[in-house]
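A.B. asks: Shown below is the structure under consideration.
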Amino acid sequence: MPHRPLRARLAGLAAAAVAAPLLAALPASTASAATVTVPRAYFGLHQATLAKGVQPGLPVGSARLWDVGGRWNEVSPARGTWNFTALDTAVNTANRYGASPLVVLGATPAWASSKATSQDVYGLGAAAMPRSVTYWREYVTEVAQRYKGRVRAYQIWNEPNLSTFWTGTVAQMVQLTREARTIIKRVDPTATVVSPGFSLRNPSDQAYFRTFLQAGGARYSDVIGLHPYPAPTAGPEGSLALINTAKAAMATSRVSKPIWNTEINYGAQLNNAGAPRTYNDANAASYVARTLLLNAANGVSRVYWYAWDTKGYMGIDLSRNGQPTRAAESYRIVEQWMLNNQLQGCTTDRARTYTCVLRFRDGSYGKVMWNPSRTIRVRTTASTTGIQFINGRTLTFKGARNQTVIASPVLIRSTRL
């Protein structure tokens with residue numbers, strides 16, 4: 001996702017899809033992964049100001065370093081000339097605060113580009129295949145050697161299935177992925193290689209992803225990177241439908257690898273239709289909470305929210321004027337619910353009420369419930385000890401009571417299920 005004018009971003013998000021089919025794709029009972037203990041690394045973030053030494057705005061365990069001044073065409077103004085000042089600062093800042101950095105490789109410099117005069121979003125020729133693979137090898141080698149021991153994960157390119165970011169062929173992207181993996185593993189065998197971050201919104205995006213898998217591209221990655229931005233009205237449940245589509249494609253190609261959601265936000269319009277859809281504070285907070293819960297419950301190992309400092313490029317802002325929004329507070333609270341605790345899956349019923357089960361380290365339980373479509377009433381059990389909302393409000397009591405459930409998740413705590 002570029003930190004650029006929205007028009008350029010939306011040009012790559014033009015779609016024939018609409019929200020309704022995404023929602024219709026959800027079954028009455030959403031399949032959920034096996035019980036998982038949620039690690040700190042699961043909670044990821046993009047933040048451009050890491051390159052200025054600014055502390056992450058949330059206590060995250062991962063940071064994707066995109067839009068930090070670290071692209072290939074930013075660090076290499078000429079062959080053999082390097083300027084890693086911004087990327088060094090971003091890497092060091094992320095590590096200082098325990099947010100494991102994910103460096104994204106890509107954006108061809110004009111001097112190395114096979115289409116040096118192409119007016120691409122990230123600069124002349126940035127979306128094109130390098131004129132020589134040797135240039136790519138030199139770049140990846142320089143990065144891998146420089147950050148060995150400081151960076152444990154590298155991603156190969158950003159959204160190559162959007163012409164905004166890549167105009168080469170699938171075969172060429174597979175080639176770049178293979179070459180990068182060979183170099184990175186030679187320099188640091190313990191490093192994690194993440195596939196290109198694939199957009200999933202459009203049928204054409206999904207077709208490209210399938211072709212990449214069929215061409216053997218996943219063979220050269222330890223992790224599959226996905227960008228499940230849904231249609232503007234689809235929400236977290238629509239995003240989950242896109243993830244499940246990608247998982248089905250992986251199964252068809254017999255690819256069994258971890259999935260990282262390396263970009264997520266909501267509201268980008270279809271067909272370059274203008275400014276993103278925006279959300280009131282309550283809905284924005286709800287979307288963040290539901291995203292974190294549903295991704296973990298459905299086998300996604302990391303989620304990187306785009307971004308702490310988007311400044312209106314997407315529909316949900318985590319900060320305004322440097323201050324956290326209610327969406328950021330929701331992120332913080334749900335992280336507290338999940339961190340180092342067991343998430344035992346999420347289900348839905350016919351009324352589209354979602355229930356995610358948590359087992360806490362002290363042996364107690366929690367049910368996180370919401371319904372994106374309607375207001376319902378549920379009866380808590382006799383073992384209930386209280387409830388907490390994503391705005392931080394907490395009620396402590398013992399025993400059964402009636403509780404309203406809406407689109408905003410509520411945690412019902414109890415001594416047993």
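Identifiers in the structure tokens: chain A, B, ... in order shown; residue index from 1 per chain; ligand index from 1 in order shown.
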Find the residues of region 214-298 of chain A that sit at most 9 Å from region 166-176 of chain A; for each, write down the nearest two atoms and how far apart they are in Å, to one decimal. Count only C-alpha atoms. Sort by chain, then by number going up, and give it as CSV.
C.D. replies:
```
residue,atom,partner,partner_atom,distance
A:Ala215,CA,A:Ala171,CA,7.2
A:Gly216,CA,A:Val174,CA,7.5
A:Gly217,CA,A:Val174,CA,5.0
A:Ala218,CA,A:Val174,CA,8.5
A:Tyr220,CA,A:Val174,CA,8.2
```
A.B. asks: According to DSSP computed on the backbone, where in region 223-417 of chain A is there helix (DSSP H, G or I)? Give the residues as number ranges by chain.
C.D. replies: A: 235-252, 281-297, 326-338
A.B. asks: Restricting the calculation to only C-alpha atoms: of A:Ala234, A:Ala400, A:Leu87, A:Leu417, which residue gets closest to Pro372 (chain A)?
C.D. replies: A:Ala234
A.B. asks: Within 8 Å of region 289-306 of chain A, counting only C-alpha atoms, which residues show up once you throw out same-chain ones fewer than 5 positions away? Write them as an MDAnalysis selection string, please.
C.D. replies: chainID A and resid 1 31:36 38 41:47 62:64 236:237 240 258:265 330:331 334 343:346 356 390 409
A.B. asks: Convert the current residue selection to file output with C-alpha atoms, as a CSV table (one decimal), in the first residue's frame.
C.D. replies:
```
chain,number,residue,atom,x,y,z
A,1,MET,CA,0.0,0.0,0.0
A,31,ALA,CA,-14.8,-22.7,10.0
A,32,SER,CA,-12.1,-21.8,12.6
A,33,ALA,CA,-8.5,-22.9,13.2
A,34,ALA,CA,-7.5,-25.2,16.0
A,35,THR,CA,-6.8,-23.7,19.4
A,36,VAL,CA,-3.9,-21.2,19.1
A,38,VAL,CA,-1.6,-15.9,20.4
A,41,ALA,CA,4.4,-11.1,17.0
A,42,TYR,CA,0.8,-11.6,15.8
A,43,PHE,CA,0.0,-7.9,16.4
A,44,GLY,CA,1.6,-5.9,13.6
A,45,LEU,CA,1.5,-2.3,12.4
A,46,HIS,CA,2.7,0.0,9.7
A,47,GLN,CA,4.1,3.3,10.9
A,62,SER,CA,5.8,-6.7,14.5
A,63,ALA,CA,6.3,-3.8,12.1
A,64,ARG,CA,6.1,-3.9,8.3
A,236,PRO,CA,-14.0,-7.8,8.5
A,237,GLU,CA,-16.3,-10.7,7.7
A,240,LEU,CA,-12.3,-13.1,6.0
A,258,PRO,CA,1.7,-19.9,7.3
A,259,ILE,CA,-0.3,-16.9,6.2
A,260,TRP,CA,0.5,-13.3,7.2
A,261,ASN,CA,-2.0,-10.6,6.6
A,262,THR,CA,0.6,-8.0,5.7
A,263,GLU,CA,-1.9,-5.1,5.0
A,264,ILE,CA,-5.4,-4.5,6.2
A,265,ASN,CA,-7.8,-1.6,6.5
A,330,SER,CA,-9.8,-1.1,20.6
A,331,TYR,CA,-6.7,-2.6,19.1
A,334,VAL,CA,-8.3,-6.7,22.2
A,343,LEU,CA,-8.1,-18.6,21.3
A,344,GLN,CA,-10.2,-21.7,20.9
A,345,GLY,CA,-12.0,-20.6,17.7
A,346,CYS,CA,-14.9,-18.5,16.5
A,356,CYS,CA,-15.0,-16.4,19.9
A,390,ILE,CA,-13.7,-2.4,23.5
A,409,PRO,CA,-17.6,-7.0,20.4
```
A.B. asks: Report, in Å to a single decimal, how far apart CA of Ser239 (chain A) and CA of Ile316 (chain A) are.
C.D. replies: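 Atom-to-atom, CA of Ile316 (chain A) and CA of Ser239 (chain A) are spaced 14.6 Å apart.
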A.B. asks: Could you tell me how far CA of Asn280 (chain A) sits from CA of Tyr313 (chain A), in Å to one decimal place?
C.D. replies: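 Atom-to-atom, CA of Tyr313 (chain A) and CA of Asn280 (chain A) are spaced 15.7 Å apart.
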A.B. asks: Hey, which of A:Glu179, A:Glu74, A:Asp88, A:Asp67 ends up closest to Tyr135 (chain A)? Count only C-alpha atoms.
C.D. replies: A:Glu179
A.B. asks: Would you work out the distance separating CA of Ala327 (chain A) from CA of Asn391 (chain A), expressed in Å to one decimal?
C.D. replies: 8.9 Å
A.B. asks: Ranking A:Tyr365, A:Tyr354, A:Trp308, A:Tyr208 by minimum distance to Thr49 (chain A) and counting only C-alpha atoms, which one comes first?
C.D. replies: A:Trp308
A.B. asks: Pick out the residues sitting within 8 Å of Ser414 (chain A), and hand them over as a VMD selection string; count only C-alpha atoms, and ignore anything fewer than 2 positions along from it in its own chain.
C.D. replies: chain A and resid 364 to 366 381 383 to 386 412 416 to 417
A.B. asks: Using only C-alpha atoms, tabulate the residues of region 159-218 of chain A lying at most 8 Å from any atom of region 148-154 of chain A, each with its closest atom pair and that distance in Å to one decimal, by chain and increasing residue number, as JSON lines.
C.D. replies:
```
{"residue": "A:Val187", "atom": "CA", "partner": "A:Lys148", "partner_atom": "CA", "distance": 7.3}
{"residue": "A:Asp188", "atom": "CA", "partner": "A:Lys148", "partner_atom": "CA", "distance": 6.3}
{"residue": "A:Thr190", "atom": "CA", "partner": "A:Arg152", "partner_atom": "CA", "distance": 7.4}
{"residue": "A:Ala191", "atom": "CA", "partner": "A:Arg152", "partner_atom": "CA", "distance": 4.8}
{"residue": "A:Thr192", "atom": "CA", "partner": "A:Ala153", "partner_atom": "CA", "distance": 4.5}
{"residue": "A:Val193", "atom": "CA", "partner": "A:Tyr154", "partner_atom": "CA", "distance": 5.2}
{"residue": "A:Val194", "atom": "CA", "partner": "A:Tyr154", "partner_atom": "CA", "distance": 5.9}
```
A.B. asks: Tell me which protein, DNA and RNA residues are within 8 Å of Ala328 (chain A), counting only C-alpha atoms, leaving out same-chain ones fewer than 4 positions away, and put them as a list in words.
C.D. replies: Leu58, Ala285, Leu318, Ser319, Pro324 and Arg332 of chain A
A.B. asks: Can you pull out every residue within 6 Å of Leu200 (chain A), counting only C-alpha atoms, but drop anything in the same chain fewer than 5 positions away, and send it as a PyMOL selection string?
C.D. replies: chain A and resi 205-206+228
A.B. asks: Could you find all residues in region 12-167 of chain A that DSSP calls strand (DSSP E) from the backbone, and write them as a list of chain:residue names?
C.D. replies: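 Put together, the selection reads A:Val36, A:Thr37, A:Phe43, A:Gly44, A:Leu45, A:Ser62, A:Ala63, A:Arg64, A:Leu65, A:Ser100, A:Pro101, A:Leu102, A:Val103, A:Val104, A:Leu105, A:Gln119, A:Asp120, A:Gly123, A:Leu124, A:Ala153, A:Tyr154, A:Gln155, A:Ile156.
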A.B. asks: Atoms to include: C-alpha atoms. Write the selected residues as a PDB file, in the first residue's frame.
C.D. replies:
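The resulting file, out-v4.pdb, is shown below:
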```pdb
ATOM      1  CA  VAL A  36      -3.876 -21.197  19.142  1.00  0.00           C
ATOM      2  CA  THR A  37      -1.933 -19.362  21.816  1.00  0.00           C
ATOM      3  CA  PHE A  43       0.044  -7.938  16.426  1.00  0.00           C
ATOM      4  CA  GLY A  44       1.604  -5.924  13.611  1.00  0.00           C
ATOM      5  CA  LEU A  45       1.543  -2.337  12.403  1.00  0.00           C
ATOM      6  CA  SER A  62       5.778  -6.716  14.478  1.00  0.00           C
ATOM      7  CA  ALA A  63       6.278  -3.793  12.097  1.00  0.00           C
ATOM      8  CA  ARG A  64       6.097  -3.891   8.294  1.00  0.00           C
ATOM      9  CA  LEU A  65       8.554  -1.351   6.952  1.00  0.00           C
ATOM     10  CA  SER A 100      10.171  -7.338  14.831  1.00  0.00           C
ATOM     11  CA  PRO A 101      10.772  -5.601  11.467  1.00  0.00           C
ATOM     12  CA  LEU A 102       9.555  -6.990   8.144  1.00  0.00           C
ATOM     13  CA  VAL A 103      11.517  -5.368   5.315  1.00  0.00           C
ATOM     14  CA  VAL A 104       9.726  -5.178   1.954  1.00  0.00           C
ATOM     15  CA  LEU A 105      11.965  -5.548  -1.101  1.00  0.00           C
ATOM     16  CA  GLN A 119       5.282   7.113 -14.935  1.00  0.00           C
ATOM     17  CA  ASP A 120       4.744   4.740 -12.017  1.00  0.00           C
ATOM     18  CA  GLY A 123       8.780   6.821  -9.470  1.00  0.00           C
ATOM     19  CA  LEU A 124       9.976   6.323 -13.020  1.00  0.00           C
ATOM     20  CA  ALA A 153      11.851 -11.434   7.845  1.00  0.00           C
ATOM     21  CA  TYR A 154      11.822 -10.083   4.271  1.00  0.00           C
ATOM     22  CA  GLN A 155       8.882  -9.736   1.893  1.00  0.00           C
ATOM     23  CA  ILE A 156       9.332  -9.890  -1.869  1.00  0.00           C
TER      24      ILE A 156
END
```
A.B. asks: For Gly235 (chain A), work out the shell of residues within 8 Å, counting only C-alpha atoms and skipping chain neighbours fewer than 4 positions away, then give it as a ChimeraX atom specification.
C.D. replies: /A:230-231,239,266,287
A.B. asks: Have a look at A:Ala127, A:Ile376, A:Val121, A:Met250 and name the one nearest to Pro160 (chain A); count only C-alpha atoms.
C.D. replies: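 Selected residue with least distance to Pro160 (chain A): A:Ala127.
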